[in-house]
$ cat work09.txt   # compact mmCIF, C-alpha atoms
# COMPACT_ATOMS: atom_id res chain seq x y z
CA MET Y 1 150.66 299.50 237.73
CA LEU Y 2 152.47 299.02 234.48
CA ILE Y 3 153.91 295.53 234.23
CA LEU Y 4 156.66 294.81 231.71
CA SER Y 5 158.57 291.60 230.96
CA ARG Y 6 162.32 291.97 230.59
CA LYS Y 7 165.08 289.46 229.91
CA LEU Y 8 168.64 289.53 231.15
CA ASN Y 9 170.49 292.67 229.99
CA GLU Y 10 167.28 294.30 228.85
CA SER Y 11 166.31 297.70 230.23
CA ILE Y 12 163.49 300.10 230.72
CA VAL Y 13 163.80 303.87 230.49
CA ILE Y 14 161.81 306.15 232.77
CA ASP Y 15 161.24 309.77 231.89
CA GLY Y 16 164.02 309.63 229.30
CA ARG Y 17 166.70 309.90 231.96
CA ILE Y 18 166.48 306.92 234.28
CA THR Y 19 167.50 303.50 233.03
CA VAL Y 20 166.77 300.31 234.95
CA LYS Y 21 168.57 297.27 233.57
CA VAL Y 22 168.32 293.61 234.54
CA MET Y 23 171.96 292.81 235.34
CA ARG Y 24 171.65 289.32 236.71
CA ILE Y 25 169.03 286.72 237.56
CA ASP Y 26 170.00 284.21 240.19
CA GLY Y 27 167.18 282.05 241.52
CA ASP Y 28 164.72 284.40 243.18
CA VAL Y 29 167.16 287.32 243.19
CA VAL Y 30 167.15 289.87 240.41
CA LYS Y 31 170.00 292.37 240.30
CA LEU Y 32 169.02 295.68 238.81
CA GLY Y 33 171.34 298.37 237.55
CA ILE Y 34 169.92 301.85 237.91
CA ALA Y 35 171.42 304.78 236.03
CA ALA Y 36 169.88 308.04 237.11
CA PRO Y 37 170.92 311.67 237.45
CA ALA Y 38 172.41 312.60 240.81
CA ASP Y 39 169.29 314.53 241.78
CA VAL Y 40 167.10 311.44 241.69
CA PRO Y 41 167.00 309.64 245.04
CA VAL Y 42 167.07 305.86 244.76
CA HIS Y 43 166.50 303.76 247.86
CA ARG Y 44 165.21 300.31 248.59
CA GLN Y 45 161.53 300.29 249.57
CA GLU Y 46 162.49 298.69 252.90
CA VAL Y 47 164.39 301.82 253.96
CA TYR Y 48 161.28 303.97 253.61
CA ASP Y 49 159.18 301.32 255.35
CA GLU Y 50 161.64 301.03 258.23
CA ILE Y 51 161.72 304.77 258.86
CA ARG Y 52 157.93 305.05 258.56
CA ARG Y 53 157.43 302.26 261.11
CA SER Y 54 159.97 303.88 263.41
CA ASN Y 55 158.15 307.22 263.23
CA GLU Y 56 154.84 305.51 263.94
CA ALA Y 57 156.34 303.85 267.00
CA ALA Y 58 157.85 307.13 268.18
CA VAL Y 59 154.81 309.39 267.99
CA THR Y 60 153.68 310.45 271.45
CA GLN Y 61 152.64 313.55 273.39
CA ARG Y 62 154.72 316.15 275.15
CA THR Y 63 153.31 314.99 278.46
CA THR Y 64 155.45 311.88 278.10
CA SER Y 65 158.22 311.71 280.66
CA VAL Y 66 161.53 312.55 279.02
CA PRO Y 67 164.34 310.15 279.92
CA LYS Y 68 167.76 311.27 281.09
CA LEU Y 69 170.86 310.20 279.26
CA SER Y 70 172.88 308.10 281.65
CA ASN Y 71 176.20 308.95 280.06
CA SER Y 72 175.89 312.70 280.17
CA GLY Y 73 178.74 314.94 279.19
CA VAL Y 74 179.95 313.02 276.18
CA ALA Y 75 181.50 314.79 273.24
CA HIS Y 76 179.37 317.15 271.24
CA GLU Y 77 181.82 318.75 268.86
CA ALA Y 78 180.74 316.99 265.72
CA ARG Y 79 178.93 318.99 263.10
CA PRO Y 80 176.72 317.70 260.34
CA ARG Y 81 178.90 316.53 257.53
CA PRO Y 82 176.92 316.38 254.33
CA ALA Y 83 178.46 314.36 251.54
CA ASP Y 84 181.57 316.11 250.26
CA TRP Y 85 180.12 319.43 251.11
CA GLN Y 86 182.54 321.77 249.40
CA ASP Y 87 182.83 320.27 245.95
CA GLY Y 88 179.30 319.02 245.54
CA GLN Y 89 180.43 315.47 244.88
CA ARG Y 90 179.08 312.64 246.90
CA ASN Y 91 180.40 309.39 248.17
CA SER Y 92 178.33 306.38 247.36
CA ASP Y 93 178.62 303.48 249.66
CA THR Y 94 175.50 301.51 249.09
CA GLU Y 95 174.98 299.08 246.30
CA VAL Y 96 171.99 301.03 245.12
CA ASN Y 97 173.94 304.23 244.89
CA SER Y 98 176.97 302.75 243.28
CA GLN Y 99 174.76 301.45 240.52
CA LYS Y 100 173.24 304.85 240.21
CA HIS Y 101 176.63 306.14 239.27
CA ASN Y 102 176.98 303.55 236.58
CA ARG Y 103 179.73 301.61 238.23
CA PRO Y 104 179.95 298.02 237.13
CA ASN Y 105 178.08 295.70 239.45
CA LYS Y 106 180.52 293.18 240.78
CA GLY Y 107 177.89 291.29 242.77
CA MET S 108 150.58 325.20 253.05
CA ASN S 109 152.79 327.79 254.63
CA CYS S 110 152.77 327.56 258.38
CA THR S 111 154.94 330.60 258.89
CA GLU S 112 152.64 333.08 257.25
CA LYS S 113 151.15 334.17 260.52
CA THR S 114 154.35 334.21 262.49
CA GLU S 115 157.75 335.55 261.65
CA LYS S 116 159.70 332.61 260.30
CA GLY S 117 160.94 330.41 263.03
CA GLN S 118 160.22 332.87 265.79
CA LEU S 119 157.87 331.82 268.52
CA GLY S 120 159.92 332.75 271.53
CA GLY S 121 163.12 331.82 273.25
CA ASP S 122 162.51 328.14 273.75
CA GLN S 123 160.47 327.21 270.72
CA CYS S 124 160.35 327.89 267.03
CA LEU S 125 158.19 327.00 264.06
CA ILE S 126 159.63 324.81 261.36
CA GLN S 127 158.28 323.77 258.00
CA MET S 128 158.56 320.23 256.69
CA PRO S 129 156.94 320.33 253.25
CA LEU S 130 157.22 316.55 252.90
CA GLY S 131 156.25 315.79 256.51
CA LEU S 132 157.77 312.90 258.38
CA LEU S 133 157.56 309.50 256.70
CA GLY S 134 154.18 308.08 257.66
CA PHE S 135 152.97 311.54 258.70
CA GLU S 136 153.14 313.26 255.34
CA GLN S 137 149.96 315.26 255.96
CA PHE S 138 151.58 317.22 258.81
CA LYS S 139 153.95 319.84 257.45
CA CYS S 140 154.21 322.39 260.25
CA TYR S 141 155.91 321.69 263.53
CA SER S 142 156.99 323.60 266.57
CA LEU S 143 160.34 322.72 268.03
CA HIS S 144 160.43 323.04 271.82
CA SER S 145 163.41 322.96 274.06
CA ASP S 146 163.33 322.98 277.84
CA PRO S 147 166.56 323.22 279.85
CA ALA S 148 165.17 320.59 282.22
CA GLU S 149 164.85 318.15 279.34
CA GLU S 150 168.17 318.74 277.63
CA PRO S 151 169.56 317.46 275.40
CA PHE S 152 166.14 316.34 274.19
CA LEU S 153 163.83 318.45 272.07
CA TRP S 154 160.17 318.11 271.25
CA LEU S 155 158.91 318.28 267.72
CA GLU S 156 155.18 318.83 267.94
CA VAL S 157 152.66 319.04 265.12
CA THR S 158 151.44 322.64 265.09
CA GLY S 159 147.92 322.81 266.45
CA ASN S 160 147.84 319.15 267.50
CA SER S 161 149.20 318.48 270.96
CA LYS S 162 148.50 314.77 270.56
CA LEU S 163 151.19 314.36 267.94
CA ALA S 164 154.72 314.96 269.12
CA PHE S 165 158.10 313.39 268.58
CA LEU S 166 160.95 313.39 271.02
CA ALA S 167 164.23 314.21 269.31
CA VAL S 168 167.86 314.63 270.21
CA SER S 169 171.05 315.85 268.61
CA PRO S 170 172.74 312.62 267.50
CA PHE S 171 176.18 314.03 268.21
CA VAL S 172 175.50 314.09 271.93
CA VAL S 173 175.05 310.35 271.77
CA LEU S 174 177.35 309.42 268.92
CA PRO S 175 180.04 312.02 268.30
CA ASN S 176 181.21 310.22 265.19
CA TYR S 177 177.78 309.96 263.57
CA CYS S 178 178.18 311.14 260.00
CA PRO S 179 175.09 310.98 257.80
CA GLU S 180 175.93 311.99 254.24
CA VAL S 181 173.18 314.31 253.11
CA SER S 182 172.55 313.88 249.39
CA ASP S 183 172.97 316.65 246.85
CA GLU S 184 169.25 316.69 246.19
CA ASP S 185 168.48 317.21 249.88
CA VAL S 186 171.11 319.94 250.19
CA LYS S 187 169.40 321.64 247.26
CA PHE S 188 165.90 321.04 248.60
CA LEU S 189 166.81 322.56 251.95
CA GLY S 190 168.74 325.44 250.42
CA LEU S 191 171.82 324.70 252.52
CA GLU S 192 174.70 326.91 251.54
CA SER S 193 177.21 325.87 254.15
CA ARG S 194 177.47 323.22 256.81
CA ASP S 195 176.76 325.84 259.44
CA ASP S 196 173.27 326.21 257.98
CA ALA S 197 172.37 322.65 258.94
CA LEU S 198 171.08 321.43 262.26
CA ILE S 199 170.58 317.69 262.57
CA PHE S 200 168.39 315.92 265.07
CA ASN S 201 166.97 312.43 265.23
CA VAL S 202 163.69 310.99 266.42
CA VAL S 203 163.75 309.11 269.71
CA THR S 204 161.34 306.30 270.59
CA VAL S 205 160.69 305.94 274.30
CA ARG S 206 160.02 302.24 274.84
CA GLY S 207 159.91 302.14 278.62
CA PRO S 208 161.08 304.01 281.73
CA GLN S 209 164.68 303.05 281.06
CA GLN S 210 164.56 302.10 277.44
CA ALA S 211 164.76 304.38 274.43
CA THR S 212 166.12 304.20 270.92
CA ILE S 213 167.25 306.76 268.38
CA ASN S 214 166.54 306.57 264.66
CA LEU S 215 169.87 307.14 262.95
CA LYS S 216 168.66 306.04 259.52
CA GLY S 217 166.25 308.93 259.03
CA PRO S 218 167.76 312.10 260.52
CA ILE S 219 165.87 315.38 260.35
CA VAL S 220 167.93 318.14 258.79
CA LEU S 221 166.89 321.71 259.52
CA ASN S 222 168.10 324.79 257.71
CA ARG S 223 168.57 327.08 260.67
CA ARG S 224 168.43 330.19 258.50
CA THR S 225 165.10 329.40 256.85
CA PHE S 226 163.58 326.89 259.31
CA LEU S 227 162.91 324.51 256.44
CA ALA S 228 163.40 320.89 257.43
CA LYS S 229 163.21 317.41 255.96
CA GLN S 230 163.55 313.88 257.25
CA VAL S 231 166.26 312.71 254.90
CA ILE S 232 167.58 309.30 253.95
CA PRO S 233 171.35 309.72 253.96
CA VAL S 234 173.42 308.37 251.08
CA ASN S 235 175.05 306.05 253.63
CA ALA S 236 171.76 305.07 255.31
CA SER S 237 172.68 301.38 255.18
CA GLU S 238 175.29 302.03 257.89
CA PHE S 239 172.69 303.13 260.41
CA SER S 240 169.95 301.59 262.52
CA VAL S 241 166.42 302.92 262.93
CA ALA S 242 166.50 301.78 266.55
CA HIS S 243 169.94 302.41 268.00
CA PRO S 244 169.74 301.93 271.79
CA LEU S 245 170.13 305.05 273.91
CA SER S 246 171.75 304.82 277.28
CA VAL S 247 169.04 306.30 279.50
CA LYS S 248 167.80 306.22 283.05
CA ALA S 249 164.33 307.03 284.31
CA ASN S 250 163.66 310.71 284.90
$ encode --input "work09.txt" --output "structure tokens"
Amino acid sequence: MLILSRKLNESIVIDGRITVKVMRIDGDVVKLGIAAPADVPVHRQEVYDEIRRSNEAAVTQRTTSVPKLSNSGVAHEARPRPADWQDGQRNSDTEVNSQKHNRPNKG
Amino acid sequence: MNCTEKTEKGQLGGDQCLIQMPLGLLGFEQFKCYSLHSDPAEEPFLWLEVTGNSKLAFLAVSPFVVLPNYCPEVSDEDVKFLGLESRDDALIFNVVTVRGPQQATINLKGPIVLNRRTFLAKQVIPVNASEFSVAHPLSVKAN
């Protein structure tokens, strides 16, 4: 692993197109600003870990008894709604993603 | 690895089809080919089973049956990866963890998106993943 020292407001550039900047240092919390093209997924490590652990807990065999939903007959009209499907834009709600779009970090 | 070489894409029969997940499920990256089984007796649940390995299967369900307002925002890169051209191309289902006879949870944070034209699928992390739980309780009763 490459280890670099950075001070406040200093950055690193990855692959010429992704910039990670130290925005704020507050005790043991470091706020990072990430500027990356829209096709680069940026997520906290914990999200991947959470989903991986969930999958590992879910794996079973088809012989497992399938439960019945106790509130059957609820609505089922909704369709998948990918982010701003028609115009290709996306909404960014998370802190990580808002930084990705170069919005100022107000935290 | 192309799991559909031997079989016409997606076609296995009326109640099951083959799907490709080039990136696998998180934690199960080595398994890229799955068969999706549906049985009217088990509706609305589906089984996602690793092709050729009956010991590895995941119970799944359409999230909209449980949460009609569930709205994962699929990122541009995932739309591109899956080759989705319209929202009708996409089928979303989520992994269910059976924790006991009357206890089960659904993973809303990592939905599986399937292109129903090409049978290409991916477990995606939605742009708005922070809104969702990996273990949302399902209201179930013993079968």
$ closest_atom_pairs --input "work09.txt" --of "chain S" --to "chain Y" --cutoff "8 Å" --atoms "only C-alpha atoms" --output "tab-separated table"
residue	atom	partner	partner_atom	distance
S:Leu132	CA	Y:Asn55	CA	7.5
S:Leu133	CA	Y:Arg52	CA	4.8
S:Gly134	CA	Y:Arg52	CA	4.9
S:Glu149	CA	Y:Val66	CA	6.5
S:Phe152	CA	Y:Val66	CA	7.7
S:Trp154	CA	Y:Arg62	CA	7.0
S:Glu156	CA	Y:Arg62	CA	7.7
S:Ser161	CA	Y:Gln61	CA	6.5
S:Lys162	CA	Y:Gln61	CA	5.2
S:Leu163	CA	Y:Gln61	CA	5.7
S:Ala164	CA	Y:Gln61	CA	5.0
S:Phe165	CA	Y:Val59	CA	5.2
S:Leu166	CA	Y:Ala58	CA	7.5
S:Phe171	CA	Y:His76	CA	5.4
S:Val172	CA	Y:His76	CA	5.0
S:Val173	CA	Y:Val74	CA	7.1
S:Pro175	CA	Y:Ala78	CA	5.6
S:Asn176	CA	Y:Ala78	CA	6.8
S:Tyr177	CA	Y:Ala78	CA	7.9
S:Cys178	CA	Y:Arg81	CA	6.0
S:Pro179	CA	Y:Pro82	CA	6.7
S:Glu180	CA	Y:Ala83	CA	4.4
S:Val181	CA	Y:Pro82	CA	4.4
S:Ser182	CA	Y:Ala83	CA	6.3
S:Asp183	CA	Y:Asp39	CA	6.6
S:Glu184	CA	Y:Asp39	CA	4.9
S:Val186	CA	Y:Pro82	CA	8.0
S:Ser193	CA	Y:Trp85	CA	7.7
S:Arg194	CA	Y:Pro80	CA	6.6
S:Ala197	CA	Y:Pro80	CA	6.7
S:Leu198	CA	Y:Pro80	CA	7.0
S:Ile199	CA	Y:Pro80	CA	6.5
S:Val202	CA	Y:Ala58	CA	7.2
S:Val203	CA	Y:Ala58	CA	6.4
S:Thr204	CA	Y:Ala58	CA	4.3
S:Val205	CA	Y:Ala58	CA	6.9
S:Pro208	CA	Y:Pro67	CA	7.2
S:Gln209	CA	Y:Pro67	CA	7.2
S:Ala211	CA	Y:Pro67	CA	8.0
S:Asn214	CA	Y:Ser54	CA	7.2
S:Lys216	CA	Y:Ile51	CA	7.1
S:Gly217	CA	Y:Ile51	CA	6.2
S:Val234	CA	Y:Ser92	CA	6.5
S:Asn235	CA	Y:Asp93	CA	5.9
S:Ser237	CA	Y:Thr94	CA	6.7
S:Val241	CA	Y:Ile51	CA	6.5
S:Ala242	CA	Y:Ser54	CA	7.5
S:Leu245	CA	Y:Leu69	CA	7.5
S:Ser246	CA	Y:Ser70	CA	5.6
S:Val247	CA	Y:Leu69	CA	4.3
S:Lys248	CA	Y:Lys68	CA	5.4
S:Ala249	CA	Y:Pro67	CA	5.4
S:Asn250	CA	Y:Pro67	CA	5.1
$ atom_distance --input "work09.txt" --atom1 "CA of Thr19 in chain Y" --atom2 "CA of Gly33 in chain Y"
7.8 Å
$ residues_around --input "work09.txt" --residues "Gly190 in chain S" --least-positions-apart "6" --cutoff "12 Å" --atoms "all atoms listed in the file" --output "list in words"
Asp183, Glu184, Asp196, Ala197, Val220, Leu221, Asn222, Arg223, Arg224, Thr225, Phe226, Leu227, Ala228 and Lys229 of chain S
$ write_last_selection --input "work09.txt" --atoms "C-alpha atoms" --output "mmCIF file, in the frame of the given file"
data_model
loop_
_atom_site.group_PDB
_atom_site.id
_atom_site.type_symbol
_atom_site.label_atom_id
_atom_site.label_comp_id
_atom_site.auth_asym_id
_atom_site.auth_seq_id
_atom_site.Cartn_x
_atom_site.Cartn_y
_atom_site.Cartn_z
ATOM 1 C CA ASP S 183 172.970 316.650 246.850
ATOM 2 C CA GLU S 184 169.250 316.690 246.190
ATOM 3 C CA ASP S 196 173.270 326.210 257.980
ATOM 4 C CA ALA S 197 172.370 322.650 258.940
ATOM 5 C CA VAL S 220 167.930 318.140 258.790
ATOM 6 C CA LEU S 221 166.890 321.710 259.520
ATOM 7 C CA ASN S 222 168.100 324.790 257.710
ATOM 8 C CA ARG S 223 168.570 327.080 260.670
ATOM 9 C CA ARG S 224 168.430 330.190 258.500
ATOM 10 C CA THR S 225 165.100 329.400 256.850
ATOM 11 C CA PHE S 226 163.580 326.890 259.310
ATOM 12 C CA LEU S 227 162.910 324.510 256.440
ATOM 13 C CA ALA S 228 163.400 320.890 257.430
ATOM 14 C CA LYS S 229 163.210 317.410 255.960
#
$ closest_residue --input "work09.txt" --among "Y:Asp26, Y:Pro37, Y:Ile14, Y:Arg44" --to "Leu2 in chain Y" --atoms "all atoms listed in the file"
Y:Ile14
$ closest_residue --input "work09.txt" --among "Y:Ala35, Y:Leu4, Y:Gln45, Y:Val30" --to "Ile18 in chain Y" --atoms "only C-alpha atoms"
Y:Ala35
$ atom_distance --input "work09.txt" --atom1 "CA of Asn9 in chain Y" --atom2 "CA of Leu32 in chain Y"
9.4 Å
$ atom_distance --input "work09.txt" --atom1 "CA of Lys7 in chain Y" --atom2 "CA of Ile34 in chain Y"
15.5 Å
$ residues_around --input "work09.txt" --residues "Leu153 in chain S" --least-positions-apart "2" --cutoff "7 Å" --atoms "all atoms listed in the file" --output "VMD selection string"
chain S and resid 143 to 145 151 155 166 to 168
$ write_last_selection --input "work09.txt" --atoms "C-alpha atoms" --output "JSON list (two decimals), in the frame of the given file"
[["chain", "number", "residue", "atom", "x", "y", "z"],
["S", 143, "LEU", "CA", 160.34, 322.72, 268.03],
["S", 144, "HIS", "CA", 160.43, 323.04, 271.82],
["S", 145, "SER", "CA", 163.41, 322.96, 274.06],
["S", 151, "PRO", "CA", 169.56, 317.46, 275.40],
["S", 155, "LEU", "CA", 158.91, 318.28, 267.72],
["S", 166, "LEU", "CA", 160.95, 313.39, 271.02],
["S", 167, "ALA", "CA", 164.23, 314.21, 269.31],
["S", 168, "VAL", "CA", 167.86, 314.63, 270.21]]
$ residues_near_point --input "work09.txt" --point "(160.6, 293.0, 234.6)" --cutoff "10 Å" --atoms "only C-alpha atoms" --output "PyMOL selection string"
chain Y and resi 3-8+10-12+20-22+30+32
$ build_atoms --input "work09.txt" --residues "range 183-213 of chain S" --atoms "N, CA and C atoms" --output "compact mmCIF listing (two decimals), in the frame of the given file"
# COMPACT_ATOMS: atom_id res chain seq x y z
N ASP S 183 173.01 315.37 247.58
CA ASP S 183 172.97 316.65 246.85
C ASP S 183 171.54 317.17 246.70
N GLU S 184 170.62 316.23 246.43
CA GLU S 184 169.25 316.69 246.19
C GLU S 184 168.64 317.25 247.47
N ASP S 185 169.01 316.68 248.62
CA ASP S 185 168.48 317.21 249.88
C ASP S 185 169.13 318.54 250.25
N VAL S 186 170.42 318.66 249.96
CA VAL S 186 171.11 319.94 250.19
C VAL S 186 170.41 321.04 249.39
N LYS S 187 170.07 320.69 248.14
CA LYS S 187 169.40 321.64 247.26
C LYS S 187 167.99 321.94 247.76
N PHE S 188 167.27 320.87 248.12
CA PHE S 188 165.90 321.04 248.60
C PHE S 188 165.85 321.97 249.82
N LEU S 189 166.81 321.80 250.71
CA LEU S 189 166.81 322.56 251.95
C LEU S 189 167.48 323.93 251.80
N GLY S 190 168.09 324.15 250.65
CA GLY S 190 168.74 325.44 250.42
C GLY S 190 169.94 325.66 251.33
N LEU S 191 170.66 324.58 251.63
CA LEU S 191 171.82 324.70 252.52
C LEU S 191 173.01 325.24 251.74
N GLU S 192 173.57 326.30 252.24
CA GLU S 192 174.70 326.91 251.54
C GLU S 192 176.03 326.60 252.21
N SER S 193 175.99 326.28 253.47
CA SER S 193 177.21 325.87 254.15
C SER S 193 176.82 324.90 255.26
N ARG S 194 177.81 324.20 255.79
CA ARG S 194 177.47 323.22 256.81
C ARG S 194 176.94 323.88 258.08
N ASP S 195 177.27 325.14 258.26
CA ASP S 195 176.76 325.84 259.44
C ASP S 195 175.26 326.10 259.35
N ASP S 196 174.72 326.01 258.14
CA ASP S 196 173.27 326.21 257.98
C ASP S 196 172.48 325.04 258.57
N ALA S 197 173.13 323.87 258.65
CA ALA S 197 172.37 322.65 258.94
C ALA S 197 172.38 322.30 260.42
N LEU S 198 171.22 321.96 260.91
CA LEU S 198 171.08 321.43 262.26
C LEU S 198 170.46 320.04 262.10
N ILE S 199 171.08 319.04 262.72
CA ILE S 199 170.58 317.69 262.57
C ILE S 199 170.04 317.20 263.91
N PHE S 200 168.87 316.63 263.89
CA PHE S 200 168.39 315.92 265.07
C PHE S 200 167.64 314.68 264.65
N ASN S 201 167.52 313.74 265.56
CA ASN S 201 166.97 312.43 265.23
C ASN S 201 165.84 312.07 266.17
N VAL S 202 164.87 311.36 265.65
CA VAL S 202 163.69 310.99 266.42
C VAL S 202 164.04 309.90 267.42
N VAL S 203 163.52 310.07 268.62
CA VAL S 203 163.75 309.11 269.71
C VAL S 203 162.43 308.39 269.99
N THR S 204 162.50 307.08 270.18
CA THR S 204 161.34 306.30 270.59
C THR S 204 161.54 305.89 272.04
N VAL S 205 160.64 306.35 272.90
CA VAL S 205 160.69 305.94 274.30
C VAL S 205 159.93 304.62 274.41
N ARG S 206 160.63 303.57 274.82
CA ARG S 206 160.02 302.24 274.84
C ARG S 206 159.71 301.76 276.24
N GLY S 207 160.16 302.50 277.23
CA GLY S 207 159.91 302.14 278.62
C GLY S 207 160.64 303.14 279.49
N PRO S 208 160.46 303.04 280.82
CA PRO S 208 161.08 304.01 281.73
C PRO S 208 162.60 304.11 281.55
N GLN S 209 163.22 303.02 281.20
CA GLN S 209 164.68 303.05 281.06
C GLN S 209 165.11 302.51 279.72
N GLN S 210 164.24 302.64 278.75
CA GLN S 210 164.56 302.10 277.44
C GLN S 210 164.12 303.07 276.35
N ALA S 211 165.07 303.48 275.54
CA ALA S 211 164.76 304.38 274.43
C ALA S 211 165.73 304.10 273.29
N THR S 212 165.26 304.39 272.08
CA THR S 212 166.12 304.20 270.92
C THR S 212 166.11 305.46 270.07
N ILE S 213 167.14 305.61 269.27
CA ILE S 213 167.25 306.76 268.38
C ILE S 213 167.29 306.25 266.93
